[in-house]
Every structure is written in structure tokens, then in C-alpha cells.
$ cat upload-v7.cif   # mmCIF, C-alpha atoms
data_protein
#
loop_
_atom_site.group_PDB
_atom_site.id
_atom_site.type_symbol
_atom_site.label_atom_id
_atom_site.label_comp_id
_atom_site.auth_asym_id
_atom_site.auth_seq_id
_atom_site.Cartn_x
_atom_site.Cartn_y
_atom_site.Cartn_z
ATOM 1 C CA MET E 1 13.479 -26.162 8.024
ATOM 2 C CA SER E 2 9.956 -27.385 7.289
ATOM 3 C CA PHE E 3 8.582 -27.693 3.773
ATOM 4 C CA ALA E 4 5.076 -26.938 2.564
ATOM 5 C CA LEU E 5 5.704 -28.980 -0.574
ATOM 6 C CA SER E 6 8.249 -31.711 -1.375
ATOM 7 C CA LEU E 7 8.663 -33.365 -4.777
ATOM 8 C CA ASN E 8 10.945 -36.356 -5.185
ATOM 9 C CA ALA E 9 12.003 -37.596 -8.642
ATOM 10 C CA VAL E 10 8.621 -36.746 -10.217
ATOM 11 C CA SER E 11 8.342 -37.824 -13.867
ATOM 12 C CA LYS E 12 5.480 -37.650 -16.349
ATOM 13 C CA SER E 13 5.212 -38.628 -20.011
ATOM 14 C CA PHE E 14 2.424 -38.440 -22.561
ATOM 15 C CA GLY E 15 3.233 -41.233 -24.982
ATOM 16 C CA ALA E 16 6.717 -40.573 -26.350
ATOM 17 C CA LEU E 17 6.739 -37.008 -24.998
ATOM 18 C CA HIS E 18 8.696 -36.762 -21.731
ATOM 19 C CA VAL E 19 7.318 -33.668 -19.968
ATOM 20 C CA LEU E 20 8.784 -34.051 -16.476
ATOM 21 C CA ARG E 21 12.102 -35.812 -15.930
ATOM 22 C CA GLY E 22 12.794 -36.533 -12.273
ATOM 23 C CA VAL E 23 11.747 -33.219 -10.718
ATOM 24 C CA ASP E 24 13.097 -32.632 -7.199
ATOM 25 C CA LEU E 25 11.731 -29.556 -5.462
ATOM 26 C CA ARG E 26 11.429 -28.253 -1.897
ATOM 27 C CA VAL E 27 9.218 -25.258 -1.076
ATOM 28 C CA PRO E 28 9.951 -23.884 2.410
ATOM 29 C CA THR E 29 6.937 -23.180 4.593
ATOM 30 C CA GLY E 30 5.986 -19.516 4.888
ATOM 31 C CA THR E 31 7.767 -18.287 1.756
ATOM 32 C CA VAL E 32 6.696 -16.701 -1.515
ATOM 33 C CA PHE E 33 8.296 -19.143 -3.944
ATOM 34 C CA GLY E 34 8.838 -18.528 -7.655
ATOM 35 C CA LEU E 35 8.708 -21.277 -10.286
ATOM 36 C CA VAL E 36 9.877 -20.109 -13.700
ATOM 37 C CA GLY E 37 10.599 -21.794 -16.996
ATOM 38 C CA PRO E 38 10.212 -21.384 -20.748
ATOM 39 C CA ASN E 39 7.002 -22.323 -22.522
ATOM 40 C CA GLY E 40 6.782 -26.104 -22.650
ATOM 41 C CA ALA E 41 9.051 -26.606 -19.627
ATOM 42 C CA GLY E 42 6.344 -28.592 -17.816
ATOM 43 C CA LYS E 43 4.967 -26.064 -15.307
ATOM 44 C CA THR E 44 1.275 -26.684 -16.097
ATOM 45 C CA THR E 45 1.748 -30.458 -15.928
ATOM 46 C CA LEU E 46 3.595 -30.084 -12.626
ATOM 47 C CA PHE E 47 0.817 -27.942 -11.139
ATOM 48 C CA SER E 48 -1.792 -30.457 -12.335
ATOM 49 C CA ILE E 49 0.056 -33.266 -10.539
ATOM 50 C CA ILE E 50 0.429 -31.192 -7.367
ATOM 51 C CA SER E 51 -3.315 -30.461 -7.472
ATOM 52 C CA GLY E 52 -4.195 -34.124 -7.817
ATOM 53 C CA TYR E 53 -5.628 -33.780 -11.360
ATOM 54 C CA LEU E 54 -2.896 -35.905 -12.952
ATOM 55 C CA ARG E 55 -0.962 -38.900 -11.716
ATOM 56 C CA ALA E 56 2.831 -38.876 -11.899
ATOM 57 C CA ASP E 57 4.402 -41.851 -13.680
ATOM 58 C CA GLN E 58 7.176 -41.959 -11.083
ATOM 59 C CA GLY E 59 8.184 -40.160 -7.918
ATOM 60 C CA SER E 60 6.262 -38.807 -4.949
ATOM 61 C CA ILE E 61 4.718 -35.540 -3.780
ATOM 62 C CA GLU E 62 4.006 -34.513 -0.207
ATOM 63 C CA MET E 63 2.111 -31.422 0.911
ATOM 64 C CA PHE E 64 2.625 -30.773 4.618
ATOM 65 C CA GLY E 65 3.438 -34.468 4.949
ATOM 66 C CA GLN E 66 0.357 -35.702 3.059
ATOM 67 C CA VAL E 67 1.008 -37.817 -0.052
ATOM 68 C CA ILE E 68 -0.641 -36.289 -3.134
ATOM 69 C CA GLU E 69 -1.750 -38.304 -6.152
ATOM 70 C CA LYS E 70 -4.587 -38.465 -8.661
ATOM 71 C CA GLY E 71 -7.843 -39.198 -6.901
ATOM 72 C CA ARG E 72 -6.236 -38.207 -3.614
ATOM 73 C CA PRO E 73 -5.928 -34.403 -3.834
ATOM 74 C CA PRO E 74 -4.838 -32.131 -0.975
ATOM 75 C CA SER E 75 -7.143 -32.034 2.039
ATOM 76 C CA TRP E 76 -10.002 -29.532 1.956
ATOM 77 C CA GLY E 77 -8.982 -26.109 3.094
ATOM 78 C CA ARG E 78 -5.211 -26.705 2.861
ATOM 79 C CA PHE E 79 -4.643 -25.832 -0.798
ATOM 80 C CA GLY E 80 -5.791 -23.174 -3.256
ATOM 81 C CA ILE E 81 -4.863 -22.489 -6.868
ATOM 82 C CA LEU E 82 -5.336 -19.836 -9.534
ATOM 83 C CA PRO E 83 -4.847 -21.605 -12.902
ATOM 84 C CA GLN E 84 -3.325 -19.538 -15.686
ATOM 85 C CA ASP E 85 -6.490 -19.414 -17.791
ATOM 86 C CA ALA E 86 -9.047 -19.486 -14.975
ATOM 87 C CA ALA E 87 -12.477 -18.312 -16.096
ATOM 88 C CA LEU E 88 -15.508 -17.201 -14.125
ATOM 89 C CA LEU E 89 -18.994 -18.506 -14.895
ATOM 90 C CA PRO E 90 -20.732 -15.785 -16.928
ATOM 91 C CA ARG E 91 -24.279 -16.313 -15.610
ATOM 92 C CA SER E 92 -23.610 -16.444 -11.860
ATOM 93 C CA THR E 93 -22.719 -13.539 -9.619
ATOM 94 C CA ILE E 94 -19.274 -13.260 -8.101
ATOM 95 C CA ALA E 95 -20.703 -13.931 -4.642
ATOM 96 C CA GLU E 96 -22.528 -17.072 -5.810
ATOM 97 C CA GLN E 97 -19.398 -18.492 -7.407
ATOM 98 C CA LEU E 98 -17.031 -17.713 -4.555
ATOM 99 C CA THR E 99 -19.525 -19.063 -2.019
ATOM 100 C CA LEU E 100 -19.713 -22.322 -3.981
ATOM 101 C CA TYR E 101 -15.919 -22.589 -4.181
ATOM 102 C CA ALA E 102 -15.619 -21.928 -0.451
ATOM 103 C CA MET E 103 -18.129 -24.706 0.278
ATOM 104 C CA LEU E 104 -16.004 -27.020 -1.878
ATOM 105 C CA GLN E 105 -13.160 -26.138 0.507
ATOM 106 C CA GLY E 106 -15.236 -27.631 3.304
ATOM 107 C CA LEU E 107 -16.985 -24.552 4.720
ATOM 108 C CA THR E 108 -20.661 -24.430 5.617
ATOM 109 C CA GLU E 109 -22.861 -22.148 3.532
ATOM 110 C CA ASP E 110 -22.841 -19.408 6.192
ATOM 111 C CA GLN E 111 -19.073 -19.715 6.626
ATOM 112 C CA ALA E 112 -18.622 -19.658 2.847
ATOM 113 C CA LYS E 113 -20.594 -16.419 2.504
ATOM 114 C CA GLN E 114 -18.502 -14.794 5.213
ATOM 115 C CA ASP E 115 -15.300 -15.987 3.587
ATOM 116 C CA CYS E 116 -16.456 -14.664 0.225
ATOM 117 C CA ASP E 117 -16.822 -11.237 1.822
ATOM 118 C CA ARG E 118 -13.392 -11.601 3.471
ATOM 119 C CA VAL E 119 -11.390 -12.399 0.344
ATOM 120 C CA LEU E 120 -13.161 -9.805 -1.808
ATOM 121 C CA SER E 121 -12.461 -7.175 0.829
ATOM 122 C CA ALA E 122 -8.819 -8.279 0.904
ATOM 123 C CA VAL E 123 -8.446 -7.349 -2.778
ATOM 124 C CA GLN E 124 -10.664 -4.270 -2.367
ATOM 125 C CA LEU E 125 -13.514 -5.612 -4.492
ATOM 126 C CA ALA E 126 -16.294 -6.006 -1.927
ATOM 127 C CA GLU E 127 -18.611 -4.001 -4.167
ATOM 128 C CA VAL E 128 -18.511 -6.533 -7.043
ATOM 129 C CA ALA E 129 -20.066 -9.381 -5.032
ATOM 130 C CA PRO E 130 -23.566 -8.972 -6.572
ATOM 131 C CA ARG E 131 -22.231 -8.390 -10.087
ATOM 132 C CA LYS E 132 -21.676 -10.864 -12.895
ATOM 133 C CA PRO E 133 -18.231 -11.450 -14.453
ATOM 134 C CA THR E 134 -19.208 -9.826 -17.753
ATOM 135 C CA THR E 135 -19.341 -6.446 -15.983
ATOM 136 C CA LEU E 136 -15.759 -6.664 -14.679
ATOM 137 C CA SER E 137 -12.556 -5.332 -16.213
ATOM 138 C CA HIS E 138 -9.632 -7.656 -16.937
ATOM 139 C CA GLY E 139 -7.841 -6.409 -13.837
ATOM 140 C CA MET E 140 -10.911 -7.077 -11.695
ATOM 141 C CA HIS E 141 -11.121 -10.609 -13.105
ATOM 142 C CA LYS E 142 -7.534 -11.221 -12.013
ATOM 143 C CA ARG E 143 -8.185 -9.883 -8.510
ATOM 144 C CA VAL E 144 -11.306 -12.030 -8.133
ATOM 145 C CA GLY E 145 -9.276 -15.032 -9.311
ATOM 146 C CA ILE E 146 -6.643 -14.363 -6.669
ATOM 147 C CA ALA E 147 -9.361 -13.904 -4.054
ATOM 148 C CA GLN E 148 -10.880 -17.324 -4.858
ATOM 149 C CA ALA E 149 -7.483 -18.992 -4.470
ATOM 150 C CA PHE E 150 -7.377 -17.812 -0.848
ATOM 151 C CA LEU E 151 -10.880 -19.018 0.080
ATOM 152 C CA GLY E 152 -10.859 -21.173 3.181
ATOM 153 C CA SER E 153 -7.529 -19.708 4.345
ATOM 154 C CA PRO E 154 -5.403 -22.422 2.661
ATOM 155 C CA GLU E 155 -1.890 -23.150 3.882
ATOM 156 C CA LEU E 156 -0.493 -23.377 0.337
ATOM 157 C CA VAL E 157 -1.596 -21.349 -2.703
ATOM 158 C CA ILE E 158 -0.402 -21.602 -6.312
ATOM 159 C CA LEU E 159 -0.801 -18.520 -8.525
ATOM 160 C CA ASP E 160 -0.089 -19.227 -12.192
ATOM 161 C CA GLU E 161 0.597 -16.010 -14.158
ATOM 162 C CA PRO E 162 -1.386 -13.784 -11.747
ATOM 163 C CA THR E 163 -0.506 -10.536 -13.562
ATOM 164 C CA ALA E 164 -0.508 -11.720 -17.192
ATOM 165 C CA GLY E 165 -2.065 -9.153 -19.524
ATOM 166 C CA LEU E 166 -2.278 -6.381 -16.933
ATOM 167 C CA ASP E 167 -0.948 -2.854 -17.293
ATOM 168 C CA PRO E 168 1.949 -1.892 -14.961
ATOM 169 C CA ASN E 169 -0.265 -0.132 -12.400
ATOM 170 C CA ALA E 170 -2.713 -3.029 -12.169
ATOM 171 C CA ALA E 171 0.158 -5.541 -11.969
ATOM 172 C CA ARG E 172 1.737 -3.592 -9.112
ATOM 173 C CA SER E 173 -1.573 -3.628 -7.234
ATOM 174 C CA ILE E 174 -1.848 -7.400 -7.721
ATOM 175 C CA ARG E 175 1.671 -7.881 -6.338
ATOM 176 C CA ASN E 176 0.747 -5.801 -3.310
ATOM 177 C CA TRP E 177 -2.342 -7.988 -2.675
ATOM 178 C CA ILE E 178 -0.200 -11.109 -2.981
ATOM 179 C CA ARG E 179 2.258 -9.758 -0.394
ATOM 180 C CA VAL E 180 -0.551 -9.045 2.047
ATOM 181 C CA LEU E 181 -2.396 -12.321 1.499
ATOM 182 C CA SER E 182 0.814 -14.381 1.692
ATOM 183 C CA GLU E 183 1.535 -13.265 5.255
ATOM 184 C CA SER E 184 -0.474 -16.215 6.581
ATOM 185 C CA CYS E 185 0.458 -18.984 4.124
ATOM 186 C CA THR E 186 2.969 -20.316 1.593
ATOM 187 C CA VAL E 187 2.558 -19.033 -1.973
ATOM 188 C CA ILE E 188 4.009 -20.402 -5.224
ATOM 189 C CA VAL E 189 4.024 -17.891 -8.079
ATOM 190 C CA SER E 190 4.701 -18.761 -11.706
ATOM 191 C CA SER E 191 5.317 -15.910 -14.126
ATOM 192 C CA HIS E 192 7.178 -15.054 -17.316
ATOM 193 C CA ASN E 193 7.752 -11.597 -15.829
ATOM 194 C CA LEU E 194 11.082 -12.341 -14.178
ATOM 195 C CA SER E 195 11.507 -8.878 -12.680
ATOM 196 C CA GLU E 196 8.214 -9.547 -10.912
ATOM 197 C CA ILE E 197 9.528 -12.841 -9.530
ATOM 198 C CA GLU E 198 12.740 -11.128 -8.462
ATOM 199 C CA ASP E 199 10.752 -8.436 -6.663
ATOM 200 C CA LEU E 200 8.113 -10.664 -5.089
ATOM 201 C CA CYS E 201 9.703 -13.992 -4.189
ATOM 202 C CA ASP E 202 12.022 -15.217 -1.435
ATOM 203 C CA GLU E 203 13.217 -18.261 -3.359
ATOM 204 C CA VAL E 204 13.049 -19.398 -6.972
ATOM 205 C CA ALA E 205 13.412 -22.592 -8.993
ATOM 206 C CA ILE E 206 14.088 -22.745 -12.726
ATOM 207 C CA LEU E 207 12.342 -25.564 -14.606
ATOM 208 C CA HIS E 208 13.841 -26.417 -17.997
ATOM 209 C CA GLN E 209 13.109 -29.386 -20.256
ATOM 210 C CA GLY E 210 11.234 -31.121 -17.459
ATOM 211 C CA THR E 211 13.832 -30.821 -14.711
ATOM 212 C CA ILE E 212 14.851 -28.307 -12.060
ATOM 213 C CA VAL E 213 18.139 -26.804 -13.222
ATOM 214 C CA GLN E 214 18.526 -24.436 -10.275
ATOM 215 C CA GLN E 215 16.852 -23.671 -6.943
ATOM 216 C CA HIS E 216 18.066 -21.036 -4.514
ATOM 217 C CA THR E 217 17.062 -17.855 -2.780
ATOM 218 C CA VAL E 218 16.460 -15.110 -5.350
ATOM 219 C CA SER E 219 19.505 -13.233 -4.059
ATOM 220 C CA GLY E 220 21.540 -16.444 -4.306
ATOM 221 C CA VAL E 221 20.554 -17.054 -7.928
ATOM 222 C CA VAL E 222 21.258 -13.451 -8.888
ATOM 223 C CA ALA E 223 24.552 -13.201 -7.014
ATOM 224 C CA GLY E 224 25.693 -16.634 -8.150
ATOM 225 C CA ALA E 225 27.129 -15.129 -11.321
ATOM 226 C CA ALA E 226 30.614 -13.691 -10.918
ATOM 227 C CA SER E 227 29.670 -10.306 -12.310
ATOM 228 C CA LEU E 228 29.021 -6.727 -11.328
ATOM 229 C CA LEU E 229 26.747 -4.360 -13.217
ATOM 230 C CA ILE E 230 27.214 -0.651 -12.705
ATOM 231 C CA ARG E 231 25.203 2.191 -14.211
ATOM 232 C CA PRO E 232 27.337 5.363 -14.429
ATOM 233 C CA GLU E 233 25.901 8.847 -14.816
ATOM 234 C CA ARG E 234 27.849 9.322 -18.057
ATOM 235 C CA GLU E 235 29.567 7.140 -20.619
ATOM 236 C CA PRO E 236 32.962 5.981 -19.383
ATOM 237 C CA THR E 237 36.113 6.813 -21.326
ATOM 238 C CA ALA E 238 38.297 4.142 -22.870
ATOM 239 C CA LYS E 239 40.887 4.994 -20.220
ATOM 240 C CA GLY E 240 38.343 4.423 -17.452
ATOM 241 C CA LEU E 241 37.301 1.047 -18.849
ATOM 242 C CA ALA E 242 40.966 0.060 -19.176
ATOM 243 C CA ALA E 243 41.517 0.966 -15.511
ATOM 244 C CA ILE E 244 38.642 -1.306 -14.475
ATOM 245 C CA ASP E 245 39.967 -4.088 -16.703
ATOM 246 C CA ALA E 246 43.370 -3.760 -15.036
ATOM 247 C CA MET E 247 42.007 -4.616 -11.579
ATOM 248 C CA PRO E 248 43.691 -7.887 -10.493
ATOM 249 C CA PHE E 249 40.483 -9.913 -10.050
ATOM 250 C CA VAL E 250 38.733 -8.648 -13.219
ATOM 251 C CA ILE E 251 38.622 -10.981 -16.220
ATOM 252 C CA GLY E 252 36.417 -8.918 -18.541
ATOM 253 C CA VAL E 253 34.782 -5.502 -18.943
ATOM 254 C CA GLN E 254 32.079 -4.490 -21.406
ATOM 255 C CA TRP E 255 30.241 -1.184 -21.858
ATOM 256 C CA SER E 256 26.671 -1.293 -23.190
ATOM 257 C CA SER E 257 25.593 2.043 -24.614
ATOM 258 C CA GLU E 258 22.066 0.684 -25.113
ATOM 259 C CA GLY E 259 21.660 -0.355 -21.478
ATOM 260 C CA GLY E 260 23.931 2.343 -20.102
ATOM 261 C CA ARG E 261 25.776 -0.200 -17.937
ATOM 262 C CA ILE E 262 29.280 -1.478 -17.422
ATOM 263 C CA ALA E 263 29.405 -5.276 -17.056
ATOM 264 C CA VAL E 264 32.374 -6.503 -15.055
ATOM 265 C CA GLU E 265 33.193 -10.223 -14.939
ATOM 266 C CA PHE E 266 35.532 -11.256 -12.135
ATOM 267 C CA ASN E 267 37.313 -14.285 -10.681
ATOM 268 C CA ARG E 268 35.459 -15.401 -7.554
ATOM 269 C CA ASP E 269 38.538 -17.277 -6.370
ATOM 270 C CA MET E 270 40.418 -13.991 -6.185
ATOM 271 C CA ALA E 271 37.667 -11.798 -4.719
ATOM 272 C CA ALA E 272 34.324 -12.406 -3.069
ATOM 273 C CA PRO E 273 31.429 -10.469 -4.673
ATOM 274 C CA SER E 274 31.249 -7.995 -1.767
ATOM 275 C CA VAL E 275 35.016 -7.364 -1.944
ATOM 276 C CA ALA E 276 34.924 -6.945 -5.724
ATOM 277 C CA ALA E 277 32.035 -4.480 -5.402
ATOM 278 C CA ARG E 278 33.849 -2.467 -2.733
ATOM 279 C CA GLU E 279 37.036 -2.267 -4.799
ATOM 280 C CA LEU E 280 35.095 -1.258 -7.904
ATOM 281 C CA ILE E 281 33.304 1.508 -6.002
ATOM 282 C CA SER E 282 36.657 2.858 -4.778
ATOM 283 C CA LEU E 283 37.992 2.902 -8.327
ATOM 284 C CA MET E 284 34.882 4.646 -9.677
ATOM 285 C CA ILE E 285 35.373 7.387 -7.080
ATOM 286 C CA GLU E 286 39.058 7.649 -7.997
ATOM 287 C CA LEU E 287 38.125 7.943 -11.686
ATOM 288 C CA ASP E 288 35.587 10.657 -10.815
ATOM 289 C CA LEU E 289 32.886 8.594 -12.528
ATOM 290 C CA PRO E 290 29.658 8.915 -10.483
ATOM 291 C CA PHE E 291 27.179 6.075 -10.727
ATOM 292 C CA VAL E 292 23.509 5.627 -9.846
ATOM 293 C CA GLU E 293 23.282 1.852 -9.480
ATOM 294 C CA LEU E 294 25.492 -1.102 -8.645
ATOM 295 C CA GLN E 295 24.203 -4.668 -8.930
ATOM 296 C CA ILE E 296 26.105 -7.632 -7.565
ATOM 297 C CA GLY E 297 25.507 -10.566 -9.886
ATOM 298 C CA LYS E 298 23.173 -10.623 -12.847
ATOM 299 C CA SER E 299 19.459 -10.007 -13.083
ATOM 300 C CA LEU E 300 17.146 -13.000 -12.702
ATOM 301 C CA GLU E 301 16.292 -12.651 -16.385
ATOM 302 C CA GLU E 302 19.959 -12.959 -17.361
ATOM 303 C CA ARG E 303 20.447 -15.959 -15.067
ATOM 304 C CA PHE E 304 17.282 -17.545 -16.482
ATOM 305 C CA ILE E 305 18.594 -17.179 -20.035
ATOM 306 C CA GLU E 306 21.933 -18.697 -19.024
ATOM 307 C CA GLN E 307 20.212 -21.702 -17.446
ATOM 308 C CA THR E 308 17.700 -22.342 -20.241
ATOM 309 C CA ASN E 309 19.527 -21.269 -23.416
ATOM 310 C CA THR E 310 20.279 -24.814 -24.506
ATOM 311 C CA PRO E 311 19.006 -26.806 -27.487
ATOM 312 C CA GLY E 312 15.666 -28.554 -26.948
#
$ encode --input "upload-v7.cif" --output "C-alpha cells"
Amino acid sequence: MSFALSLNAVSKSFGALHVLRGVDLRVPTGTVFGLVGPNGAGKTTLFSIISGYLRADQGSIEMFGQVIEKGRPPSWGRFGILPQDAALLPRSTIAEQLTLYAMLQGLTEDQAKQDCDRVLSAVQLAEVAPRKPTTLSHGMHKRVGIAQAFLGSPELVILDEPTAGLDPNAARSIRNWIRVLSESCTVIVSSHNLSEIEDLCDEVAILHQGTIVQQHTVSGVVAGAASLLIRPEREPTAKGLAAIDAMPFVIGVQWSSEGGRIAVEFNRDMAAPSVAARELISLMIELDLPFVELQIGKSLEERFIEQTNTPG
């Protein structure tokens, strides 16, 4: 397996404040990769080091085999980024700004103008090229920001909170653009919307207190918990819950009336998740308790809370 980005024991402190503590991270080439963590976990500092804006105190970073450090950023055209609070210049048109950014990626002026048209068309905003940022909606600003990150057809793109502050419809559109644009490169997405990460990403890493506490495929992180979540059509009876609890591999059952789900904890040494799910489905049919959803493992949000719910 090849890696677009490799971090080895990366540490960074600001005075007595230890922000990154030996971060090890591998981002496979060609994936949409999620990086999540609580506020203050060190994501912004990590992205600044990857971009070559900050120097790590210890450790090394390689992007497609090239060593990255302050004053030695990624090669032109190989890397793009949408910072969390990226702002557009109010007095210049969208086309003028994107053309400038494309030239900074190493394109000629003519190439930059063509690439400006390409990325705006990709997010269906070709018509805003002659307009100034003050005339755009918040959703349009986000789409222009994503477009600029893909100028020059970079091999690796970082998108920091690409859907923050958007309504559900606009956020869904942004995710669709990301899927399309990521077909030709590796994308790292950071977001506090964990259902978005679960839906969009192939692999995810959880950053907590300056270190990676877990990295796996999204399905691996979710299924790593020995639990099953089932959403029945109606509230189960006490007898039904007792029958589930009596299954030989089950170690706990809990009904949530608020969430409308039965949470089943099981012993992985006695039953693999797929076997436990199959046996539970058979019992639900036997109990004449129809269900509309069965989830193997926990949601990414639940796994995130488990991994980060420790004292600071």
C-alpha cells in the first residue's frame, strides 16, 4: 500500500503547552480520509505543520516521499488546502483570486484562467467568476473555497470543516462535490459532524490530547465495539428483552425509549459480530418483533466519545 502522507512521531509545543505528542499517521493514497478530534486536540497545528507553515519540534513528515518542513512546503501543484476560516478578498472578483491562487500553484496565467473555469464549473458556480465575494451566500463561499483547494489538480487536498455552518441541503451538496472531486486525488477531511465523516470517508483517525488514539477504516472503527443496535418498529416487551439477554453470547441489553433502539453488548470471544447479528435477527423474527434497522457496532460518534472521554 502506498501512502500520500506519512507522519512519524511528530511533536509540537508552544512554551509549556504540549499540542502534539508523537503523532503517527498514515494516509493511504486515493482515499477520502477523516481526521477528527475535540476542540484543542491539535488538528489546526497538525495541518499547519503538514502545509509547511510551522516546524515540528520532533518527528518527520513525508508527502508522496517528499520531506515537509517549515520553509520547505509541498511542491507546487501537489497539495491544496481549505483552512477552516478561509476568507476571500472582498475587493477582487472570484476569477481574479482563483487565477492568482492557481498561478501560485505553478500554472501560467492562461493555464490559471482555464483552471479557474474548471474548478468553478466542478462545483456548479461558473456564473460567479466575475462577481465579488460580498455578493455570495455562505454556501457559495464554501463551494468557492473547496474549488480553490483543487486548483492545479493537486494530488493531496485537506478540507478543514468544509460544511461548517451550512444547512443540511447545502451540506449534502458539498459532500457530493467532494466525492466527485476526490476521484482523482487523496482528500483529508476534518469535521465535527461525525455522521458526515462516517458517510464520506474510507478511513478515519481520532486525534485526542495531541496523539492518535485510533486509526482504522470507518467500518473497522464502528464495528470494533462489541455491540449491536437494533431499531424495532414498536417498543419491545420486558419478556422480549429478557429473551435477548438470555442469548449465550449476550452480556447486556438496554432499551432506549428516546432513541427507539435496543443496544445489545456481546462477548466477541463467543460470537463474531456477523454471527451475533444473524442470531439476533432470528430471535427477533421468533419474537414477532419487526425491525427497521440493524447496526453492527456503534456509530462513529459513540466510538469518538469512548476514545476521547478522558480527563484533559
$ closest_residue --input "upload-v7.cif" --among "E:Asn193, E:Ser256, E:Thr186, E:Ser13" --to "Glu155 in chain E" --atoms "only C-alpha atoms"
E:Thr186
$ atom_distance --input "upload-v7.cif" --atom1 "CA of Val23 in chain E" --atom2 "CA of Ser195 in chain E"
24.4 Å
$ resolve_selection --input "upload-v7.cif" --expression "the PyMOL selection byres ((chain E and resi 124) around 10)" --output "list in words"
Arg118, Val119, Leu120, Ser121, Ala122, Val123, Leu125, Ala126, Glu127, Val128, Met140, Arg143, Val144, Ala147 and Trp177 of chain E
$ closest_residue --input "upload-v7.cif" --among "E:Leu289, E:Ala4, E:Leu35, E:Ile262" --to "Gln215 in chain E" --atoms "all atoms listed in the file"
E:Leu35
$ closest_residue --input "upload-v7.cif" --among "E:Ala87, E:Met284, E:Leu25, E:Leu5" --to "Gln66 in chain E" --atoms "only C-alpha atoms"
E:Leu5
$ resolve_selection --input "upload-v7.cif" --expression "the PyMOL selection byres ((chain E and resi 112) around 12)" --output "PyMOL selection string"
chain E and resi 77+95-111+113-119+148+150-153
$ residues_around --input "upload-v7.cif" --residues "Phe79 in chain E" --least-positions-apart "2" --cutoff "6 Å" --atoms "only C-alpha atoms" --output "compact mmCIF listing (two decimals) with C-alpha atoms, in the frame of the given file"
# COMPACT_ATOMS: atom_id res chain seq x y z
CA GLY E 77 -8.98 -26.11 3.09
CA PRO E 154 -5.40 -22.42 2.66
CA LEU E 156 -0.49 -23.38 0.34
CA VAL E 157 -1.60 -21.35 -2.70
$ atom_distance --input "upload-v7.cif" --atom1 "CA of Thr29 in chain E" --atom2 "CA of Arg55 in chain E"
24.0 Å
$ residues_around --input "upload-v7.cif" --residues "Lys239 in chain E" --least-positions-apart "5" --cutoff "12 Å" --atoms "all atoms listed in the file" --output "PyMOL selection string"
chain E and resi 244-246+287+289
